[in-house]
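Colleague: Hey, dropping entry01.cif in here, mmCIF, C-alpha atoms and all ligand atoms:
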```
data_data
loop_
_atom_site.label_atom_id
_atom_site.label_comp_id
_atom_site.auth_asym_id
_atom_site.auth_seq_id
_atom_site.Cartn_x
_atom_site.Cartn_y
_atom_site.Cartn_z
CA MET A 1 7.39 11.02 -6.80
CA SER A 2 8.38 13.05 -9.86
CA LEU A 3 5.64 13.94 -12.31
CA GLU A 4 8.16 15.20 -14.90
CA THR A 5 6.60 15.21 -18.41
CA LYS A 6 3.27 13.88 -17.07
CA LYS A 7 0.16 15.48 -18.52
CA ILE A 8 -2.48 15.77 -15.84
CA LEU A 9 -6.00 16.78 -16.73
CA LEU A 10 -7.37 18.20 -13.49
CA GLY A 11 -11.16 18.15 -13.28
CA ILE A 12 -12.57 20.33 -10.51
CA SER A 13 -16.16 19.75 -9.44
CA GLY A 14 -18.36 21.88 -7.22
CA GLY A 15 -17.45 21.05 -3.64
CA ILE A 16 -16.27 23.47 -0.99
CA ALA A 17 -12.80 21.85 -1.16
CA ALA A 18 -12.41 23.43 -4.61
CA TYR A 19 -10.86 26.38 -2.76
CA LYS A 20 -7.78 24.16 -2.22
CA THR A 21 -7.24 23.50 -5.93
CA PRO A 22 -4.90 26.43 -6.75
CA GLU A 23 -2.59 24.92 -4.09
CA LEU A 24 -3.04 21.45 -5.66
CA VAL A 25 -2.07 22.82 -9.09
CA ARG A 26 1.08 24.31 -7.57
CA ARG A 27 2.02 21.01 -5.88
CA LEU A 28 1.51 19.12 -9.18
CA ARG A 29 3.52 21.64 -11.20
CA GLU A 30 6.31 21.67 -8.60
CA ARG A 31 6.74 17.97 -9.38
CA GLY A 32 7.05 18.74 -13.09
CA ALA A 33 3.49 17.99 -14.27
CA ASP A 34 1.81 19.81 -17.12
CA VAL A 35 -1.66 20.66 -15.79
CA GLN A 36 -4.77 21.41 -17.84
CA ILE A 37 -7.89 22.27 -15.89
CA ILE A 38 -11.54 21.55 -16.61
CA LEU A 39 -13.93 23.28 -14.27
CA THR A 40 -17.56 22.18 -13.85
CA HIS A 41 -20.26 24.81 -13.84
CA SER A 42 -20.72 24.42 -10.05
CA ALA A 43 -16.98 24.52 -9.35
CA ASN A 44 -16.99 27.99 -10.87
CA GLU A 45 -18.99 29.11 -7.84
CA PHE A 46 -16.16 28.14 -5.47
CA VAL A 47 -12.94 29.04 -7.30
CA THR A 48 -12.26 31.52 -10.08
CA GLU A 49 -10.93 30.79 -13.54
CA THR A 50 -8.58 33.73 -13.10
CA SER A 51 -6.67 32.23 -10.17
CA LEU A 52 -6.58 28.76 -11.72
CA GLN A 53 -5.35 30.15 -15.01
CA ALA A 54 -2.63 32.06 -13.20
CA VAL A 55 -1.34 28.98 -11.33
CA SER A 56 -1.71 26.49 -14.19
CA GLY A 57 -0.43 28.81 -16.92
CA LYS A 58 -3.16 27.59 -19.30
CA PRO A 59 -6.64 28.80 -20.23
CA ILE A 60 -9.31 26.99 -18.24
CA ARG A 61 -11.81 24.79 -20.08
CA SER A 62 -15.33 24.49 -18.75
CA ASN A 63 -17.85 24.66 -21.56
CA ILE A 64 -18.44 21.80 -23.96
CA TRP A 65 -20.08 24.35 -26.27
CA ASP A 66 -16.83 26.26 -26.77
CA LYS A 67 -17.08 26.91 -30.53
CA GLU A 68 -13.41 27.70 -31.02
CA ALA A 69 -12.09 24.63 -29.14
CA GLU A 70 -14.68 22.30 -30.57
CA ALA A 71 -13.86 23.29 -34.16
CA ALA A 72 -10.96 20.85 -33.65
CA MET A 73 -13.02 18.41 -31.51
CA GLY A 74 -11.54 19.89 -28.33
CA HIS A 75 -13.03 17.30 -25.98
CA ILE A 76 -11.42 14.43 -27.93
CA GLU A 77 -8.12 16.31 -28.04
CA LEU A 78 -8.18 16.72 -24.25
CA ALA A 79 -9.11 13.05 -23.79
CA ARG A 80 -6.10 11.97 -25.88
CA TRP A 81 -3.73 14.51 -24.34
CA ALA A 82 -4.06 13.32 -20.73
CA ASP A 83 -1.75 10.76 -19.12
CA VAL A 84 -4.07 10.80 -16.14
CA ILE A 85 -7.39 12.45 -15.36
CA LEU A 86 -7.50 13.63 -11.77
CA ILE A 87 -10.83 14.86 -10.39
CA ALA A 88 -10.37 16.78 -7.15
CA PRO A 89 -12.57 17.51 -5.41
CA ALA A 90 -14.99 14.91 -6.72
CA THR A 91 -18.51 15.69 -5.54
CA ALA A 92 -21.17 13.07 -4.79
CA GLU A 93 -22.83 14.28 -7.99
CA MET A 94 -19.63 13.76 -9.97
CA LEU A 95 -19.19 10.18 -8.64
CA SER A 96 -22.78 9.48 -9.65
CA ARG A 97 -22.27 10.89 -13.16
CA LEU A 98 -19.04 8.96 -13.63
CA ALA A 99 -20.64 5.74 -12.38
CA SER A 100 -23.63 6.10 -14.69
CA GLY A 101 -21.48 6.88 -17.73
CA SER A 102 -23.02 10.30 -18.16
CA ALA A 103 -21.61 12.68 -20.77
CA GLY A 104 -23.64 15.73 -19.91
CA ASP A 105 -20.77 18.19 -19.61
CA LEU A 106 -17.18 18.67 -20.77
CA LEU A 107 -15.49 16.83 -17.87
CA THR A 108 -17.62 13.68 -17.96
CA THR A 109 -17.49 13.60 -21.77
CA VAL A 110 -13.69 13.74 -21.66
CA CYS A 111 -13.62 10.95 -19.04
CA LEU A 112 -15.73 8.72 -21.29
CA ALA A 113 -13.64 9.50 -24.34
CA SER A 114 -10.25 8.94 -22.68
CA GLU A 115 -8.13 5.85 -22.20
CA ALA A 116 -6.14 7.57 -19.45
CA GLU A 117 -6.26 6.41 -15.81
CA VAL A 118 -8.98 8.19 -13.85
CA VAL A 119 -8.15 9.16 -10.27
CA VAL A 120 -10.72 10.83 -8.04
CA ALA A 121 -10.39 12.54 -4.67
CA PRO A 122 -13.90 12.62 -3.19
CA ALA A 123 -14.88 15.45 -0.84
CA MET A 124 -18.21 15.84 0.85
CA ASN A 125 -20.07 15.93 4.15
CA ARG A 126 -19.61 12.71 6.16
CA VAL A 127 -23.28 11.72 5.93
CA MET A 128 -23.22 12.17 2.16
CA TRP A 129 -20.06 10.04 1.96
CA SER A 130 -21.56 7.22 4.01
CA ASN A 131 -24.82 7.26 2.03
CA PRO A 132 -25.28 3.81 0.44
CA ALA A 133 -25.85 5.37 -3.00
CA VAL A 134 -22.53 7.19 -2.83
CA GLN A 135 -20.76 4.08 -1.52
CA ALA A 136 -22.28 1.99 -4.31
CA ASN A 137 -20.98 4.50 -6.87
CA ARG A 138 -17.55 4.45 -5.23
CA LYS A 139 -17.44 0.65 -5.37
CA LEU A 140 -18.62 0.55 -8.97
CA LEU A 141 -15.94 3.02 -10.00
CA GLU A 142 -13.27 1.13 -8.06
CA ASP A 143 -14.30 -2.15 -9.66
CA ARG A 144 -13.88 -0.47 -13.05
CA GLY A 145 -10.33 0.51 -12.15
CA VAL A 146 -10.89 4.12 -11.08
CA GLN A 147 -8.42 5.00 -8.34
CA ILE A 148 -10.06 6.59 -5.30
CA LEU A 149 -7.79 8.80 -3.18
CA GLY A 150 -9.16 9.28 0.33
CA PRO A 151 -11.28 10.83 1.54
CA ASP A 152 -9.61 11.81 4.76
CA SER A 153 -11.24 12.01 8.17
CA GLY A 154 -11.37 15.01 10.46
CA SER A 155 -13.17 18.32 10.87
CA GLN A 156 -15.31 19.34 7.90
CA ALA A 157 -16.27 22.71 6.41
CA CYS A 158 -19.87 22.06 7.52
CA GLY A 159 -18.69 21.94 11.14
CA GLU A 160 -19.03 18.17 11.48
CA GLU A 161 -16.35 15.61 12.22
CA GLY A 162 -15.88 12.43 10.18
CA ALA A 163 -14.83 10.87 6.89
CA GLY A 164 -15.31 12.98 3.77
CA ARG A 165 -12.56 15.62 3.71
CA MET A 166 -10.56 15.88 0.53
CA LEU A 167 -6.97 14.68 1.03
CA ASP A 168 -4.44 17.48 1.37
CA PRO A 169 -3.16 18.82 -1.98
CA GLN A 170 0.32 17.56 -1.00
CA GLN A 171 -0.98 14.01 -0.45
CA ILE A 172 -2.93 14.05 -3.72
CA ALA A 173 0.16 15.21 -5.61
CA GLU A 174 2.18 12.41 -3.96
CA LYS A 175 -0.37 9.74 -4.79
CA VAL A 176 -1.79 10.70 -8.15
CA MET A 177 0.68 8.63 -10.16
CA ALA A 178 2.07 6.49 -7.36
CA PRO A 179 3.52 3.18 -8.52
CA LYS A 180 0.45 1.26 -7.38
CA LEU A 181 -1.50 2.71 -10.28
CA THR A 182 0.53 0.62 -12.65
CA SER A 183 1.72 -2.00 -10.19
CA VAL A 184 0.59 -5.50 -9.41
CA SER A 185 -0.71 -4.47 -5.95
CA SER A 186 -4.32 -4.01 -6.88
CA LEU A 187 -4.37 -7.27 -8.86
CA VAL A 188 -2.64 -9.25 -6.12
CA LEU A 189 -4.68 -7.86 -3.23
CA ARG A 190 -8.12 -7.80 -4.83
CA GLY A 191 -10.27 -10.27 -2.90
CA LYS A 192 -7.55 -10.87 -0.29
CA THR A 193 -8.00 -10.02 3.37
CA VAL A 194 -5.41 -8.00 5.23
CA MET A 195 -5.68 -7.83 9.02
CA ILE A 196 -3.83 -4.89 10.59
CA THR A 197 -3.42 -4.24 14.29
CA ALA A 198 -2.89 -0.65 15.39
CA GLY A 199 -2.51 1.60 18.40
CA PRO A 200 -1.57 0.86 21.99
CA THR A 201 -3.09 -1.60 24.44
CA ARG A 202 -4.33 -0.72 27.92
CA GLU A 203 -3.51 -3.13 30.72
CA PRO A 204 -5.81 -2.46 33.69
CA LEU A 205 -4.61 -2.09 37.26
CA ASP A 206 -8.03 -1.45 38.72
CA PRO A 207 -11.36 -0.15 37.32
CA VAL A 208 -9.96 3.37 36.77
CA ARG A 209 -6.24 2.96 36.04
CA TYR A 210 -4.23 1.23 33.35
CA ILE A 211 -0.72 0.94 31.92
CA THR A 212 -0.32 1.94 28.29
CA ASN A 213 2.26 3.38 25.85
CA ARG A 214 2.69 6.34 23.50
CA SER A 215 1.46 4.71 20.27
CA SER A 216 -1.01 6.97 18.41
CA GLY A 217 -2.13 4.29 15.93
CA LYS A 218 -1.33 6.59 12.98
CA MET A 219 1.00 4.14 11.23
CA GLY A 220 -1.41 1.20 11.53
CA TYR A 221 -4.33 3.33 10.36
CA ALA A 222 -2.26 4.56 7.39
CA MET A 223 -1.45 0.92 6.56
CA ALA A 224 -5.17 0.10 6.67
CA VAL A 225 -5.94 2.91 4.22
CA ALA A 226 -3.06 1.82 1.94
CA ALA A 227 -4.26 -1.81 1.96
CA ARG A 228 -7.85 -0.73 1.30
CA ASP A 229 -6.75 1.56 -1.55
CA ALA A 230 -4.74 -1.31 -3.02
CA GLY A 231 -7.96 -3.35 -3.29
CA ALA A 232 -7.83 -5.59 -0.19
CA ASN A 233 -10.60 -6.32 2.31
CA VAL A 234 -9.22 -4.81 5.49
CA ILE A 235 -9.80 -5.72 9.13
CA LEU A 236 -8.37 -3.11 11.48
CA VAL A 237 -7.97 -4.35 15.06
CA SER A 238 -7.51 -1.12 16.96
CA GLY A 239 -6.41 -0.25 20.45
CA PRO A 240 -7.83 2.95 22.01
CA VAL A 241 -6.81 5.88 19.76
CA SER A 242 -8.24 9.28 18.95
CA LEU A 243 -8.31 8.68 15.18
CA VAL A 244 -11.44 8.53 13.05
CA PRO A 245 -11.70 5.01 11.56
CA PRO A 246 -11.15 4.89 7.79
CA THR A 247 -14.22 4.14 5.69
CA GLY A 248 -14.55 0.83 3.86
CA VAL A 249 -12.62 -1.01 6.58
CA LYS A 250 -13.94 -3.43 9.23
CA VAL A 251 -12.86 -2.04 12.60
CA VAL A 252 -12.63 -4.24 15.72
CA ASN A 253 -11.97 -2.19 18.86
CA ILE A 254 -9.94 -3.79 21.66
CA GLU A 255 -8.34 -2.63 24.92
CA SER A 256 -5.83 -5.14 26.29
CA ALA A 257 -3.27 -7.55 24.81
CA ASP A 258 -5.60 -10.43 25.71
CA ASP A 259 -8.44 -8.75 23.78
CA LEU A 260 -6.11 -8.22 20.83
CA LEU A 261 -5.14 -11.89 20.74
CA ALA A 262 -8.79 -12.96 20.94
CA ALA A 263 -9.76 -10.57 18.12
CA ALA A 264 -6.85 -11.71 15.95
CA HIS A 265 -7.75 -15.37 16.53
CA ALA A 266 -11.38 -14.71 15.65
CA GLU A 267 -10.44 -13.19 12.28
CA VAL A 268 -7.31 -15.11 11.29
CA ALA A 269 -8.99 -17.94 9.38
CA GLU A 270 -10.04 -15.43 6.71
CA THR A 271 -6.75 -13.53 6.74
CA ASP A 272 -4.17 -13.71 3.94
CA ILE A 273 -1.79 -11.06 5.28
CA PHE A 274 -1.36 -10.17 8.96
CA ILE A 275 0.35 -6.86 9.70
CA ALA A 276 1.06 -6.29 13.38
CA ALA A 277 1.56 -2.53 13.80
CA ALA A 278 -0.01 -2.30 17.27
CA ALA A 279 2.25 -1.46 20.20
CA VAL A 280 1.14 -4.35 22.39
CA ALA A 281 2.18 -4.15 26.04
CA ASP A 282 4.84 -6.74 26.86
CA TYR A 283 3.72 -6.98 30.50
CA ARG A 284 0.49 -6.41 32.38
CA PRO A 285 -0.23 -6.09 36.10
CA SER A 286 -0.49 -9.63 37.50
CA VAL A 287 -3.64 -8.70 39.40
CA ARG A 288 -6.51 -6.52 38.24
CA GLU A 289 -8.13 -5.16 41.39
CA ASN A 290 -11.92 -5.10 41.39
CA THR A 291 -12.06 -1.83 43.32
CA LYS A 292 -9.96 1.33 43.07
CA ILE A 293 -6.55 1.03 44.75
CA LYS A 294 -6.58 3.49 47.68
CA LYS A 295 -3.78 5.93 48.46
CA SER A 296 -2.49 4.70 51.81
CA ALA A 297 1.00 3.14 51.88
CA ASP A 298 3.97 5.42 50.99
CA GLU A 299 5.22 2.91 48.48
CA ILE A 300 3.57 0.14 46.55
CA THR A 301 5.13 -2.56 44.38
CA LEU A 302 3.56 -3.58 41.16
CA SER A 303 3.91 -7.17 40.07
CA MET A 304 3.72 -7.70 36.30
CA VAL A 305 3.38 -10.78 34.13
CA LYS A 306 4.10 -11.28 30.44
CA THR A 307 1.25 -10.68 28.02
CA PRO A 308 0.63 -13.13 25.16
CA ASP A 309 2.84 -12.59 22.10
CA VAL A 310 0.12 -12.01 19.52
CA LEU A 311 2.36 -11.95 16.47
CA ALA A 312 4.35 -15.05 17.44
CA THR A 313 1.10 -16.90 18.23
CA ILE A 314 -0.38 -16.08 14.83
CA SER A 315 2.83 -16.83 12.94
CA ARG A 316 3.06 -20.29 14.55
CA LEU A 317 -0.40 -21.38 13.44
CA ALA A 318 -0.38 -24.33 11.07
CA GLU A 319 -2.48 -22.37 8.54
CA ARG A 320 -0.70 -19.08 9.00
CA PRO A 321 -1.16 -15.89 7.01
CA PHE A 322 1.80 -13.97 5.58
CA CYS A 323 3.11 -12.25 8.73
CA VAL A 324 4.57 -8.76 8.92
CA GLY A 325 5.84 -7.38 12.22
CA PHE A 326 6.83 -3.91 13.33
CA ALA A 327 9.80 -3.26 15.62
CA ALA A 328 9.89 0.15 17.27
CA GLU A 329 13.21 0.41 19.10
CA THR A 330 15.20 3.17 20.75
CA ASP A 331 18.59 1.51 20.08
CA ASN A 332 20.20 -1.44 18.25
CA VAL A 333 17.25 -1.25 15.87
CA LYS A 334 18.65 -3.62 13.25
CA ASP A 335 19.78 -6.33 15.72
CA TYR A 336 16.49 -6.36 17.60
CA ALA A 337 14.51 -6.38 14.36
CA LEU A 338 16.47 -9.30 12.89
CA GLY A 339 16.16 -11.16 16.19
CA LYS A 340 12.36 -10.76 16.10
CA LEU A 341 12.22 -11.80 12.44
CA THR A 342 13.86 -15.13 13.22
CA LYS A 343 12.42 -15.80 16.66
CA LYS A 344 8.83 -15.06 15.67
CA ARG A 345 9.20 -16.72 12.23
CA LEU A 346 8.01 -13.65 10.38
CA ASP A 347 7.98 -13.07 6.65
CA MET A 348 9.01 -9.43 7.04
CA ILE A 349 9.70 -6.90 9.76
CA VAL A 350 9.43 -3.12 9.55
CA ALA A 351 11.96 -1.54 11.88
CA ASN A 352 11.97 2.04 13.00
CA ARG A 353 13.67 4.11 15.63
CA VAL A 354 11.44 5.66 18.27
CA GLY A 355 12.16 8.33 20.84
CA GLU A 356 11.43 11.98 21.39
CA ASN A 357 9.70 13.34 18.25
CA LEU A 358 10.48 10.10 16.44
CA GLY A 359 8.07 7.36 15.38
CA PHE A 360 5.32 7.69 17.98
CA ASP A 361 2.54 10.24 17.66
CA CYS A 362 4.06 12.17 14.75
CA ASP A 363 2.98 12.40 11.13
CA ASP A 364 6.24 11.36 9.47
CA ASN A 365 8.29 8.23 9.77
CA ALA A 366 11.24 6.40 8.23
CA ALA A 367 11.81 2.65 8.32
CA VAL A 368 13.98 -0.24 7.18
CA VAL A 369 12.26 -3.47 6.21
CA TYR A 370 14.06 -6.80 6.66
CA TRP A 371 13.23 -10.26 5.39
CA ARG A 372 15.30 -13.41 5.07
CA GLY A 373 18.02 -12.49 2.59
CA GLY A 374 17.01 -8.90 1.96
CA GLU A 375 16.32 -5.44 3.24
CA GLN A 376 15.01 -2.11 1.95
CA ALA A 377 15.26 1.33 3.50
CA PHE A 378 12.46 3.89 3.27
CA PRO A 379 13.47 7.52 3.89
CA MET A 380 11.50 9.94 6.07
CA ALA A 381 8.07 10.55 4.51
CA SER A 382 4.51 11.16 5.62
CA LYS A 383 3.05 8.05 7.28
CA ALA A 384 0.49 7.91 4.42
CA GLN A 385 3.28 7.83 1.82
CA LEU A 386 5.35 5.38 3.84
CA ALA A 387 2.32 3.12 4.26
CA ASP A 388 1.74 3.07 0.49
CA ASP A 389 5.38 2.19 -0.13
CA LEU A 390 5.37 -0.49 2.59
CA MET A 391 2.15 -2.00 1.22
CA GLN A 392 3.74 -2.15 -2.21
CA LEU A 393 6.71 -4.10 -0.81
CA VAL A 394 4.51 -6.36 1.33
CA THR A 395 2.47 -7.20 -1.78
CA GLU A 396 5.56 -8.01 -3.83
CA ARG A 397 7.01 -10.28 -1.11
CA TYR A 398 3.60 -11.93 -0.52
CA LYS A 399 3.24 -12.66 -4.24
CA LEU A 400 6.76 -14.08 -4.35
CA ARG A 401 6.17 -16.32 -1.32
CA ASN A 402 2.99 -17.66 -2.89
CA SER A 403 4.71 -18.44 -6.18
CA GLU A 404 7.59 -20.14 -4.31
CA GLU A 405 5.04 -22.26 -2.41
CA VAL A 406 3.37 -23.27 -5.68
CA ILE A 407 6.75 -24.27 -7.18
CA ALA A 408 7.62 -26.27 -4.03
CA ALA A 409 4.22 -27.99 -4.04
CA ASN A 410 4.59 -28.87 -7.74
CA SER A 411 8.06 -30.35 -7.26
CA VAL A 412 6.84 -32.44 -4.29
CA ALA A 413 3.95 -33.66 -6.46
CA ARG A 414 6.44 -34.59 -9.25
CA ASP A 415 8.75 -36.43 -6.78
C1 LIG A 501 -21.95 25.86 -0.36
C2 LIG A 501 -22.03 24.51 -1.02
C3 LIG A 501 -21.06 23.57 -0.73
C4 LIG A 501 -21.10 22.31 -1.32
N1 LIG A 501 -20.12 21.40 -1.02
C5 LIG A 501 -20.19 20.15 -1.57
C6 LIG A 501 -19.20 19.20 -1.26
O1 LIG A 501 -18.25 19.46 -0.50
N2 LIG A 501 -19.29 17.97 -1.81
C7 LIG A 501 -20.34 17.63 -2.64
O2 LIG A 501 -20.38 16.47 -3.06
N3 LIG A 501 -21.27 18.54 -2.97
C8 LIG A 501 -21.24 19.78 -2.45
N4 LIG A 501 -22.19 20.72 -2.79
C9 LIG A 501 -23.25 20.33 -3.74
C10 LIG A 501 -22.74 20.40 -5.20
O3 LIG A 501 -22.24 21.70 -5.48
C11 LIG A 501 -23.84 19.99 -6.15
O4 LIG A 501 -24.15 18.64 -5.96
C12 LIG A 501 -23.48 20.24 -7.60
O5 LIG A 501 -24.56 19.83 -8.40
C13 LIG A 501 -22.21 19.51 -8.01
O6 LIG A 501 -22.01 19.67 -9.40
P1 LIG A 501 -20.67 19.19 -10.13
O7 LIG A 501 -20.35 17.85 -9.60
O8 LIG A 501 -21.03 19.18 -11.57
O9 LIG A 501 -19.62 20.20 -9.87
C14 LIG A 501 -22.16 21.99 -2.22
C15 LIG A 501 -23.11 22.96 -2.52
C16 LIG A 501 -23.04 24.19 -1.93
C17 LIG A 501 -24.10 25.21 -2.28
#
```
For the structure just supplied, provide its representation as C-alpha cells.
Ligand SMILES: Cc1cc2nc3c(=O)[nH]c(=O)nc-3n(C[C@H](O)[C@H](O)[C@H](O)COP(=O)(O)O)c2cc1C
Modeller:
Amino acid sequence: MSLETKKILLGISGGIAAYKTPELVRRLRERGADVQIILTHSANEFVTETSLQAVSGKPIRSNIWDKEAEAAMGHIELARWADVILIAPATAEMLSRLASGSAGDLLTTVCLASEAEVVVAPAMNRVMWSNPAVQANRKLLEDRGVQILGPDSGSQACGEEGAGRMLDPQQIAEKVMAPKLTSVSSLVLRGKTVMITAGPTREPLDPVRYITNRSSGKMGYAMAVAARDAGANVILVSGPVSLVPPTGVKVVNIESADDLLAAAHAEVAETDIFIAAAAVADYRPSVRENTKIKKSADEITLSMVKTPDVLATISRLAERPFCVGFAAETDNVKDYALGKLTKKRLDMIVANRVGENLGFDCDDNAAVVYWRGGEQAFPMASKAQLADDLMQLVTERYKLRNSEEVIAANSVARD
C-alpha cells in the first residue's frame, strides 16, 4: 500500500530487533512516507542515531529535555505532526508504559499528547511475550484501539523458538496503514468468533503410515492472524504442520478428516464465521490396519472411501455460520470454484491455482474470490498480506449478509 504523503512518527524502543529499524525506515520511505524517529534511551544501545539519521534524512529526537526543540513545545509539535505513531520494536517495558499512561520520556509523552493512530510491533523473548502481565497490557492497549502488529513466531535472538519476533520490516511497512486501521473490520469482528481450519489431514493406513497432501497450513495460519488482528476471537483447527501457533488464538490439533469434522462440530455453535482453509483428504483408506502392513506381495491394492465433507456439513446446519471455502485447483479453477460455491451452499469461495511452486508450501499466493453475483481478484502477495485483504472482504460480505437478513426479517414481520 502506498504511504505517499503519510507522516509516520517511528518510535524505537530498546529491544534487540532495533537493529532492523534502518531497514524498516527504508521500506517506509520507499512507499513515500515521511519518517521522523524518536529513539528511547535504551534503543540507543542497539542502533546508532547516525545510521537512523542517514536513512530517515531527519535529525533523531530522543531527549524530552532538548532545550532548542522544547522552546517551541517540540513534543506537542511532534504529536500533532504524526498521521500515525509506529513503535517498532515495542519492548515489554514500552507496552507497560503505554498501558499505564506513563509520560516519563519523549516517546510516551508524544503518544499521550497525540490523536494519531498508535501501531506497535512488539518484539521480545517468547517467555516474556507469554507472561500474563505483558498479555494483559497487550489486551488493554488493543481494547483502547492500539493496533498490534505481530509478533511473529520463529527462531529468536536469544536462541529460543516461539512467538515474540518482530515482524519483518517489509510486513510492518505493508501493514502500518493497512485499510483495516480505518475500516469497519475491527468494529464488525469485535466479539465475534471466527473458526479457521488449516493444514493437511492424515488418513492412516496402519499404525505407522498415512496418506496426506502438500498443504503447509501457511494460508490458514495467516488467516487466523488476520482475523485475530481484526479483533475476532479465533479458533484454529489445525492439521499436522510445522508452524508455531499464533498467540491469542485457540488451537485445536487434529489428524484426520473425521477428527476435523468432530472438532468443527464441537465449536460451531459459538462460531459466526467459518473459514475452511484446510486441505482435507477427499478419500481415506477403507480399512485402518491395527498392525503394520508387511512387505510380502509384489503388488497391493488400496481400497479408499470418501471422507466426510466438513464444509458442506457445516454449511447445511440449520444454524449455520457465514461459510467461506477455499478451492485449490490445478486447472479449470473458476469452474470448479463456482461449482463448489453452489453445491456446498457457501457464502464465498477463495480460489487459487496450485502446482509446482504455486499455492502449497510457499510464502506468496494470489487468489480470486467468488460469491453469488460477484468476484474480486487479489494479485500475488505475501500470504500475510493476502490474508489481511481476504479478511477485509470476508468482513464486508459478512456484514452485508447480516444486514440483508435483518431487512428480510423486518419485512416478514411487517407482512
Ligand atoms: C541485550 C539486551 C536485549 C534486550 N532485548 C529486549 C527485547 O528484545 N525485548 C524487550 O522487551 N526487552 C529487551 N531488553 C530489555 C529492555 O532493553 C529493557 O526492558 C529496557 O528498559 C527497555 O526500555 P525502553 O522500552 O524504554 O526502550 C533487552 C535488554 C538487553 C540488555
Colleague: Quick one: residues within 6 Å of stretch 277-283 of chain A, only C-alpha atoms, excluding same-chain residues fewer than 6 positions away - as a list in words?
Modeller: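 The neighbour list is Thr197, Ala198, Gly199, Pro200, Thr201, Gly220, Ala257, Met304, Val305, Lys306, Thr307 and Phe326 of chain A.
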Colleague: Mind listing the residues within 9 Å of ligand LIG 501 (chain A), all atoms listed in the file counted, as a PyMOL selection string?
Modeller: chain A and resi 12-18+39-46+89-97+105+107+122-125+128-129+156-158+164-166
Colleague: I need the residue nearest A:Arg144 from this list: A:Asp389, A:Glu299, A:Glu30, A:Glu117. Use only C-alpha atoms for the distance.
Modeller: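 Of A:Asp389, A:Glu299, A:Glu30, A:Glu117, the one nearest A:Arg144, counting only C-alpha atoms, is A:Glu117.
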Colleague: What lies within 12 Å of stretch 396-399 of chain A using only C-alpha atoms, ignoring chain neighbours under 3 positions off, as a count of residues only?
Modeller: 40
Colleague: Counting all atoms listed in the file, which of A:Ala173, A:Val110, A:Ala116, A:Leu317 gets nearest to A:Gly74?
Modeller: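 Using all atoms listed in the file, A:Gly74 sits closest to A:Val110.
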Colleague: Expressed in Å to a single decimal, how great is the separation between atom CA of A:Asp206 and atom CA of A:Val252?
Modeller: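 Separating atom CA of A:Asp206 from atom CA of A:Val252 is a distance of 23.6 Å.
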Colleague: Select, from A:Leu205, A:Ile300, A:Val225, A:Val120, the residue with the minimum atom-to-atom distance to A:Arg284, counting only C-alpha atoms.
Modeller: A:Leu205
Colleague: Which is closer to A:Ala381 than all the others in A:Ser315, A:Thr395, A:Gln53, A:Gln170, using all atoms listed in the file?
Modeller: A:Gln170
Colleague: May I ask for the distance between atom CA of A:Ala54 and atom CA of A:Ser114, given in Å to one decimal place?
Modeller: 26.1 Å
Colleague: Can you tell me which residues surround A:Ile76 at a distance of at most 9 Å, considering all atoms listed in the file, apart from same-chain residues fewer than 3 positions away, and format the answer as a short mmCIF file (atom, residue, chain, number, x, y, z; two decimals) with C-alpha atoms, in the coordinates of the input?
Modeller:
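Writing done, so here's around.cif:
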```cif
data_model
loop_
_atom_site.label_atom_id
_atom_site.label_comp_id
_atom_site.auth_asym_id
_atom_site.auth_seq_id
_atom_site.Cartn_x
_atom_site.Cartn_y
_atom_site.Cartn_z
CA GLU A 70 -14.68 22.30 -30.57
CA ALA A 72 -10.96 20.85 -33.65
CA MET A 73 -13.02 18.41 -31.51
CA ALA A 79 -9.11 13.05 -23.79
CA ARG A 80 -6.10 11.97 -25.88
CA TRP A 81 -3.73 14.51 -24.34
CA THR A 109 -17.49 13.60 -21.77
CA VAL A 110 -13.69 13.74 -21.66
CA ALA A 113 -13.64 9.50 -24.34
CA SER A 114 -10.25 8.94 -22.68
#
```
Colleague: Would you mind reading off the distance between atom CA of A:Thr108 and atom CA of A:Ala232, one decimal, in Å?
Modeller: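 According to the coordinates, atom CA of A:Thr108 and atom CA of A:Ala232 are separated by 28.0 Å.
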Colleague: Compare A:Pro240, A:Gly162, A:Gly217, A:Pro308 by their minimum atom-to-atom distance to A:Cys362, counting all atoms listed in the file, and give me the closest one.
Modeller: A:Gly217
Colleague: Determine the nearest neighbour of A:Met177 from the options A:Ile64, A:Met223, A:Val119, A:Val394, counting all atoms listed in the file.
Modeller: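 Checking each candidate against A:Met177, we get A:Val119 as the closest.
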Colleague: Can you tell me, as a PDB file with C-alpha atoms, in the coordinates of the input, what residues are no more than 8 Å from A:Ala121 when counting all atoms listed in the file, ignoring any on the same chain fewer than 5 positions away?
Modeller:
```
ATOM      1  CA  LEU A  86      -7.500  13.630 -11.770  1.00  0.00           C
ATOM      2  CA  ILE A  87     -10.830  14.860 -10.390  1.00  0.00           C
ATOM      3  CA  ALA A  88     -10.370  16.780  -7.150  1.00  0.00           C
ATOM      4  CA  PRO A  89     -12.570  17.510  -5.410  1.00  0.00           C
ATOM      5  CA  ALA A  90     -14.990  14.910  -6.720  1.00  0.00           C
ATOM      6  CA  ILE A 148     -10.060   6.590  -5.300  1.00  0.00           C
ATOM      7  CA  LEU A 149      -7.790   8.800  -3.180  1.00  0.00           C
ATOM      8  CA  GLY A 150      -9.160   9.280   0.330  1.00  0.00           C
ATOM      9  CA  PRO A 151     -11.280  10.830   1.540  1.00  0.00           C
ATOM     10  CA  MET A 166     -10.560  15.880   0.530  1.00  0.00           C
ATOM     11  CA  LEU A 167      -6.970  14.680   1.030  1.00  0.00           C
ATOM     12  CA  ILE A 172      -2.930  14.050  -3.720  1.00  0.00           C
TER      13      ILE A 172
END
```
Colleague: Determine, counting all atoms listed in the file, which protein, DNA and RNA residues have an atom within 9 Å of an atom of A:Lys340; residues of the same chain fewer than 4 positions away are not included. Present the result as a VMD selection string.
Modeller: chain A and resid 325 327 335 to 336 344 to 346 349
